[in-house]
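A short write-up of the structure that comes next.
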Amino acid sequence: MKRILVTGGAGFLGSHLCERLLARGHDVLCVDNFFTGSKQNVAHLIADPRFELMRHDITFPLYVEVDEIYNLACPASPIHYQYDPVQTTKTSVHGAINVLGLAKRTGAKILQASPSEVYGDPDLHPQPEHYWGRVNPVGVRSCYDEGKRCAETLFFDYWRQHGVRIKVARIFNTYGPRMHPSDGRVVSNFIVQALLGDDITIYGEGTQTRSFCYVDDLIEAMIRLMATKDEFTGPINIGNPVEFTIHDLASQVLALTGSDSRLVFKPLPMDDPRQRQPDIALARQVLRWEPETQLAEGLERTIEHFRDRLLTQQIAELAALARSGPRQTAQPQAPTELVPDAPAQPLAQTA
Ligand SMILES: NC(=O)c1ccc[n+]([C@@H]2O[C@H](COP(=O)([O-])OP(=O)(O)OC[C@H]3O[C@@H](n4cnc5c(N)ncnc54)[C@H](O)[C@@H]3O)[C@@H](O)[C@H]2O)c1
């Protein structure tokens with residue numbers, strides 16, 4: 001049994017990781033400022049005496065005793081990380097300094113959740129780990145891309161200079177239950193639009209390809225990476241190399257939800273990559289890992305999650321309506337939480 005810290009543990013990936021680590025018998029400390037994550041994501045874990053939830057912003061130092069650290073804290077979708085870009089860079093950079101300092105003091109092993117965005121707008125497909133990337137340092141996405149690149153630099157300098165045991169995972173597009181419903185990502189967008197009967201928006205002709213990894217497969221790879229020998233630091237790509245066109249994805253979502261939403265085509269945005277695909281040869285070799293969940297199976301589980309949330313919310317809204325004054329005929333409405341909105345204000349304000 002180990003004491004494991006998961007920063008960003010109340011987010012999409014973090015909540016699945018906490019769940020899996022508890023199931024393996026570990027003590028889990030989940031630290032989150034609830035910017036994009038929520039208590040609801042880990043509510044089912046609270047009763048477990050080996051689980052602890054702490055509200056904390058990792059841009060401030062944290063003093064706890066742990067054996068392993070998974071550093072996931074950081075908003076991950078453009079809508080959320082561009083909301084307060086200075087705070088995003090601080091979360092990646094100050095956050096990395098704080099968790100690496102903690103690892104140095106406690107001797108804990110530490111894993112960084114880096115994204116495929118560290119490759120920027122790549123001119124090499126698929127991207128192997130030795131590719132240095134093609135990143136704009138002054139654009140609106142730079143707070144995320146460069147923040148995460150700087151965090152990788154810090155990880156490798158703490159390893160070289162202080163002997164901290166590090167692991168750097170480069171994660172590609174992941175989907176599954178508990179994705180933020182309004183983060184603007186293609187999988188959650190399509191599912192919510194289909195369940196609400198809204199038009200499904202496809203940019204361009206939908207021939208651009210994406211690869212999607214189901215969350216359970218990704219979490220398995222992260223845990224295997226943490227268990228590798230100290231000499232293995234990464235970076236290592238984790239993702240699904242199987243590509244689907246956006247049109248394929250929309251068709252599968254329509255079929256699985258039984259929705260009669262229409263497909264609507266809009267012009268392709270300027271910066272929309274034609275293709276993004278991981279080279280996972282290293283993960284196959286070192287982690288003996290590759291994704292196992294088929295897209296249809298993963299989509300079904302994700303759709304079930306969103307359908308449940310939608311139902312719970314509609315029931316709550318109908319109950320509130322029934323309690324409030326004179327009887328009226330309730331009109332079905334789009335649940336407010338599943339309609340895109342601005343993210344909650346982060347705890348720490350940017351200077
Ligand atoms: N989901 C993906 O497809 C994907 C792909 C590549 C990399 N990643 C990385 O994985 C990590 C988790 O991503 P996710 O999809 O679960 O996103 P998420 O937004 O659901 O989770 C991030 C969590 O971090 C918390 N957080 C943000 N800033 C914080 C701060 N300063 N202090 C404490 N907590 C803070 C949020 O409240 C949230 O719970 C991120 O670091 C992201 O860059 C995710």
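Residue names in the structure tokens use chain letters A, B, ... in the order shown, residue numbers from 1 in each chain, and ligand numbers from 1 in the order shown.
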Wanna dump the chain A-ligand 1 contacts at 8 Å for me, each residue with its shortest atom pair and the distance in Å to one decimal, counting only C-alpha atoms and all ligand atoms, ordered by chain and number, as a tab-separated table?
```
residue	atom	partner	partner_atom_place_in_ligand_line	distance
A:Thr7	CA	ligand 1	34 (N)	6.0
A:Gly8	CA	ligand 1	24 (O)	3.4
A:Gly9	CA	ligand 1	39 (O)	5.8
A:Ala10	CA	ligand 1	39 (O)	4.3
A:Gly11	CA	ligand 1	39 (O)	3.2
A:Phe12	CA	ligand 1	16 (O)	3.7
A:Leu13	CA	ligand 1	16 (O)	3.7
A:Gly14	CA	ligand 1	16 (O)	5.5
A:Ser15	CA	ligand 1	16 (O)	7.7
A:Val31	CA	ligand 1	33 (C)	6.2
A:Asp32	CA	ligand 1	34 (N)	3.7
A:Asn33	CA	ligand 1	34 (N)	4.2
A:Phe34	CA	ligand 1	37 (O)	3.6
A:Phe35	CA	ligand 1	37 (O)	3.7
A:Thr36	CA	ligand 1	37 (O)	4.0
A:Gly37	CA	ligand 1	39 (O)	3.1
A:Ser38	CA	ligand 1	39 (O)	6.3
A:Arg55	CA	ligand 1	33 (C)	7.6
A:His56	CA	ligand 1	33 (C)	5.7
A:Asp57	CA	ligand 1	32 (N)	3.4
A:Ile58	CA	ligand 1	32 (N)	4.1
A:Thr59	CA	ligand 1	31 (N)	5.4
A:Asn71	CA	ligand 1	41 (O)	7.0
A:Leu72	CA	ligand 1	41 (O)	4.0
A:Ala73	CA	ligand 1	24 (O)	3.4
A:Cys74	CA	ligand 1	27 (C)	3.9
A:Pro75	CA	ligand 1	19 (O)	4.1
A:Ala76	CA	ligand 1	42 (C)	4.5
A:Ser77	CA	ligand 1	19 (O)	7.0
A:His80	CA	ligand 1	19 (O)	7.6
A:Gln87	CA	ligand 1	31 (N)	7.3
A:Thr88	CA	ligand 1	28 (N)	7.1
A:Lys90	CA	ligand 1	31 (N)	7.5
A:Thr91	CA	ligand 1	31 (N)	4.6
A:Ser92	CA	ligand 1	31 (N)	7.9
A:Gly95	CA	ligand 1	31 (N)	6.8
A:Gln112	CA	ligand 1	41 (O)	7.8
A:Ala113	CA	ligand 1	9 (C)	5.0
A:Ser114	CA	ligand 1	7 (C)	5.3
A:Pro115	CA	ligand 1	6 (C)	3.7
A:Ser116	CA	ligand 1	6 (C)	6.0
A:Glu117	CA	ligand 1	6 (C)	7.5
A:Tyr144	CA	ligand 1	43 (O)	7.8
A:Lys148	CA	ligand 1	43 (O)	7.6
A:Arg170	CA	ligand 1	6 (C)	6.7
A:Ile171	CA	ligand 1	6 (C)	4.1
A:Phe172	CA	ligand 1	5 (C)	4.8
A:Asn173	CA	ligand 1	3 (O)	3.8
A:Thr174	CA	ligand 1	3 (O)	3.7
A:Tyr175	CA	ligand 1	3 (O)	6.3
A:Arg178	CA	ligand 1	20 (O)	7.8
A:Met179	CA	ligand 1	20 (O)	6.4
A:His180	CA	ligand 1	20 (O)	6.3
A:Pro346	CA	ligand 1	28 (N)	7.4
A:Leu347	CA	ligand 1	31 (N)	7.9
A:Ala348	CA	ligand 1	31 (N)	7.5
```
I need the residues in range 39-219 of chain A that are alpha helix (DSSP H) according to DSSP; give them as a short mmCIF file (atom, residue, chain, number, x, y, z; two decimals) with N, CA and C atoms, in the first residue's frame.
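To be explicit, this is the file written out as states36.cif:
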```
data_model
loop_
_atom_site.label_atom_id
_atom_site.label_comp_id
_atom_site.auth_asym_id
_atom_site.auth_seq_id
_atom_site.Cartn_x
_atom_site.Cartn_y
_atom_site.Cartn_z
N PRO A 78 -9.14 23.99 -24.85
CA PRO A 78 -8.87 25.39 -25.20
C PRO A 78 -9.82 26.38 -24.52
N ILE A 79 -11.11 26.07 -24.46
CA ILE A 79 -12.08 26.99 -23.82
C ILE A 79 -11.64 27.28 -22.39
N HIS A 80 -11.22 26.26 -21.69
CA HIS A 80 -10.88 26.42 -20.28
C HIS A 80 -9.49 26.99 -20.07
N TYR A 81 -8.49 26.54 -20.87
CA TYR A 81 -7.14 27.06 -20.59
C TYR A 81 -6.94 28.47 -21.13
N PRO A 85 -5.33 32.70 -19.23
CA PRO A 85 -4.08 32.10 -19.70
C PRO A 85 -2.90 32.26 -18.74
N VAL A 86 -2.88 33.37 -17.99
CA VAL A 86 -1.75 33.55 -17.06
C VAL A 86 -1.82 32.49 -15.96
N GLN A 87 -3.04 32.26 -15.48
CA GLN A 87 -3.21 31.21 -14.45
C GLN A 87 -2.85 29.83 -15.03
N THR A 88 -3.14 29.62 -16.33
CA THR A 88 -2.81 28.32 -16.95
C THR A 88 -1.30 28.10 -16.94
N THR A 89 -0.55 29.15 -17.35
CA THR A 89 0.92 29.00 -17.34
C THR A 89 1.43 28.81 -15.92
N LYS A 90 0.83 29.57 -14.98
CA LYS A 90 1.26 29.41 -13.59
C LYS A 90 1.00 27.99 -13.08
N THR A 91 -0.16 27.44 -13.47
CA THR A 91 -0.49 26.09 -13.01
C THR A 91 0.54 25.09 -13.53
N SER A 92 0.94 25.24 -14.81
CA SER A 92 1.92 24.32 -15.36
C SER A 92 3.31 24.54 -14.75
N VAL A 93 3.72 25.83 -14.66
CA VAL A 93 5.11 26.11 -14.29
C VAL A 93 5.30 26.18 -12.77
N HIS A 94 4.56 27.09 -12.11
CA HIS A 94 4.67 27.16 -10.64
C HIS A 94 4.22 25.83 -10.03
N GLY A 95 3.15 25.26 -10.64
CA GLY A 95 2.64 23.98 -10.15
C GLY A 95 3.72 22.91 -10.22
N ALA A 96 4.43 22.85 -11.36
CA ALA A 96 5.49 21.84 -11.51
C ALA A 96 6.59 22.07 -10.47
N ILE A 97 6.96 23.33 -10.26
CA ILE A 97 8.02 23.62 -9.27
C ILE A 97 7.56 23.15 -7.88
N ASN A 98 6.30 23.40 -7.55
CA ASN A 98 5.80 23.00 -6.22
C ASN A 98 5.75 21.48 -6.04
N VAL A 99 5.24 20.77 -7.06
CA VAL A 99 5.14 19.31 -6.89
C VAL A 99 6.51 18.64 -7.00
N LEU A 100 7.40 19.21 -7.81
CA LEU A 100 8.75 18.65 -7.90
C LEU A 100 9.51 18.89 -6.59
N GLY A 101 9.28 20.07 -5.98
CA GLY A 101 9.89 20.37 -4.68
C GLY A 101 9.41 19.37 -3.63
N LEU A 102 8.12 19.04 -3.71
CA LEU A 102 7.54 18.07 -2.79
C LEU A 102 8.17 16.68 -3.01
N ALA A 103 8.35 16.32 -4.29
CA ALA A 103 8.96 15.01 -4.61
C ALA A 103 10.40 14.97 -4.12
N LYS A 104 11.09 16.09 -4.25
CA LYS A 104 12.51 16.15 -3.82
C LYS A 104 12.59 15.97 -2.30
N ARG A 105 11.70 16.66 -1.57
CA ARG A 105 11.74 16.60 -0.10
C ARG A 105 11.35 15.21 0.41
N THR A 106 10.32 14.60 -0.22
CA THR A 106 9.80 13.33 0.32
C THR A 106 10.45 12.10 -0.33
N SER A 142 -0.44 29.20 -26.57
CA SER A 142 0.91 29.02 -26.03
C SER A 142 0.91 28.83 -24.51
N CYS A 143 -0.09 29.43 -23.82
CA CYS A 143 -0.12 29.28 -22.35
C CYS A 143 -0.16 27.80 -21.99
N TYR A 144 -0.85 27.02 -22.79
CA TYR A 144 -0.96 25.58 -22.52
C TYR A 144 0.26 24.85 -23.09
N ASP A 145 0.53 25.06 -24.40
CA ASP A 145 1.59 24.30 -25.08
C ASP A 145 2.97 24.60 -24.45
N GLU A 146 3.27 25.89 -24.31
CA GLU A 146 4.59 26.26 -23.78
C GLU A 146 4.66 26.04 -22.27
N GLY A 147 3.52 26.24 -21.58
CA GLY A 147 3.49 25.96 -20.13
C GLY A 147 3.85 24.50 -19.87
N LYS A 148 3.26 23.62 -20.67
CA LYS A 148 3.51 22.18 -20.49
C LYS A 148 4.94 21.82 -20.93
N ARG A 149 5.44 22.51 -21.95
CA ARG A 149 6.83 22.24 -22.37
C ARG A 149 7.80 22.67 -21.27
N CYS A 150 7.53 23.82 -20.67
CA CYS A 150 8.40 24.30 -19.59
C CYS A 150 8.33 23.32 -18.40
N ALA A 151 7.13 22.80 -18.13
CA ALA A 151 6.99 21.82 -17.04
C ALA A 151 7.87 20.60 -17.33
N GLU A 152 7.89 20.14 -18.60
CA GLU A 152 8.76 19.00 -18.95
C GLU A 152 10.22 19.35 -18.68
N THR A 153 10.62 20.58 -19.06
CA THR A 153 12.00 21.01 -18.83
C THR A 153 12.33 20.92 -17.33
N LEU A 154 11.40 21.43 -16.50
CA LEU A 154 11.63 21.40 -15.05
C LEU A 154 11.75 19.95 -14.56
N PHE A 155 10.89 19.07 -15.07
CA PHE A 155 10.96 17.67 -14.64
C PHE A 155 12.36 17.11 -14.94
N PHE A 156 12.85 17.35 -16.16
CA PHE A 156 14.14 16.77 -16.52
C PHE A 156 15.30 17.44 -15.78
N ASP A 157 15.17 18.73 -15.45
CA ASP A 157 16.24 19.38 -14.67
C ASP A 157 16.25 18.90 -13.21
N TYR A 158 15.07 18.68 -12.63
CA TYR A 158 15.03 18.13 -11.26
C TYR A 158 15.61 16.70 -11.24
N TRP A 159 15.42 15.99 -12.34
CA TRP A 159 15.97 14.62 -12.44
C TRP A 159 17.50 14.69 -12.56
N ARG A 160 18.00 15.54 -13.51
CA ARG A 160 19.44 15.64 -13.72
C ARG A 160 20.15 16.25 -12.51
N GLN A 161 19.56 17.34 -11.96
CA GLN A 161 20.24 18.12 -10.93
C GLN A 161 20.04 17.54 -9.53
N HIS A 162 18.82 17.03 -9.25
CA HIS A 162 18.50 16.61 -7.87
C HIS A 162 18.21 15.12 -7.75
N VAL A 186 -14.60 17.37 -29.37
CA VAL A 186 -15.47 16.81 -30.39
C VAL A 186 -16.34 15.66 -29.86
N VAL A 187 -15.79 14.77 -29.04
CA VAL A 187 -16.58 13.62 -28.59
C VAL A 187 -17.74 14.08 -27.70
N SER A 188 -17.44 14.90 -26.68
CA SER A 188 -18.51 15.34 -25.77
C SER A 188 -19.50 16.24 -26.53
N ASN A 189 -19.00 17.09 -27.42
CA ASN A 189 -19.89 17.95 -28.22
C ASN A 189 -20.91 17.12 -29.00
N PHE A 190 -20.40 16.14 -29.76
CA PHE A 190 -21.28 15.33 -30.59
C PHE A 190 -22.32 14.59 -29.74
N ILE A 191 -21.87 14.02 -28.61
CA ILE A 191 -22.79 13.23 -27.79
C ILE A 191 -23.88 14.13 -27.20
N VAL A 192 -23.48 15.27 -26.65
CA VAL A 192 -24.47 16.17 -26.04
C VAL A 192 -25.44 16.68 -27.11
N GLN A 193 -24.90 17.05 -28.28
CA GLN A 193 -25.78 17.54 -29.36
C GLN A 193 -26.77 16.44 -29.78
N ALA A 194 -26.27 15.20 -29.88
CA ALA A 194 -27.15 14.10 -30.31
C ALA A 194 -28.22 13.84 -29.25
N LEU A 195 -27.83 13.82 -27.97
CA LEU A 195 -28.81 13.52 -26.92
C LEU A 195 -29.86 14.62 -26.79
N LEU A 196 -29.46 15.86 -27.08
CA LEU A 196 -30.42 16.97 -26.99
C LEU A 196 -31.23 17.14 -28.28
N VAL A 215 -10.66 6.21 -21.74
CA VAL A 215 -10.02 6.59 -20.48
C VAL A 215 -9.45 5.40 -19.70
N ASP A 216 -10.13 4.26 -19.67
CA ASP A 216 -9.64 3.11 -18.89
C ASP A 216 -8.29 2.64 -19.42
N ASP A 217 -8.14 2.66 -20.75
CA ASP A 217 -6.86 2.24 -21.35
C ASP A 217 -5.75 3.21 -20.96
N LEU A 218 -6.08 4.49 -20.99
CA LEU A 218 -5.07 5.50 -20.66
C LEU A 218 -4.60 5.36 -19.22
N ILE A 219 -5.55 5.17 -18.30
CA ILE A 219 -5.20 5.07 -16.87
C ILE A 219 -4.30 3.85 -16.64
#
```
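Note that CA of Cys213 in chain A and CA of Leu5 in chain A are 23.9 Å apart.
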Taking into account only C-alpha atoms, which residue in the set A:Val42, A:Ile110, A:Leu299, A:Val138 is nearest to Thr257 in chain A?
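Of A:Val42, A:Ile110, A:Leu299, A:Val138, the one nearest Thr257 in chain A is A:Leu299, counting only C-alpha atoms.
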Per DSSP on the backbone, what are the strand (DSSP E) residues of range 4-251 of chain A, as an NGL selection string?
:A and (4-7 or 27-32 or 51-55 or 68-71 or 109-115 or 166-171 or 174-175 or 200-203 or 209-211 or 213-214 or 236-238 or 243-245)
Residue among A:Arg224, A:Val264, A:Tyr214, A:Thr233 lying closest to Ile200 in chain A, counting only C-alpha atoms:
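Nearest candidate to Ile200 in chain A out of A:Arg224, A:Val264, A:Tyr214, A:Thr233: A:Val264.
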Calculate how many Å separate CA of Ala108 in chain A from CA of Asn237 in chain A, rounding to one decimal.
22.6 Å
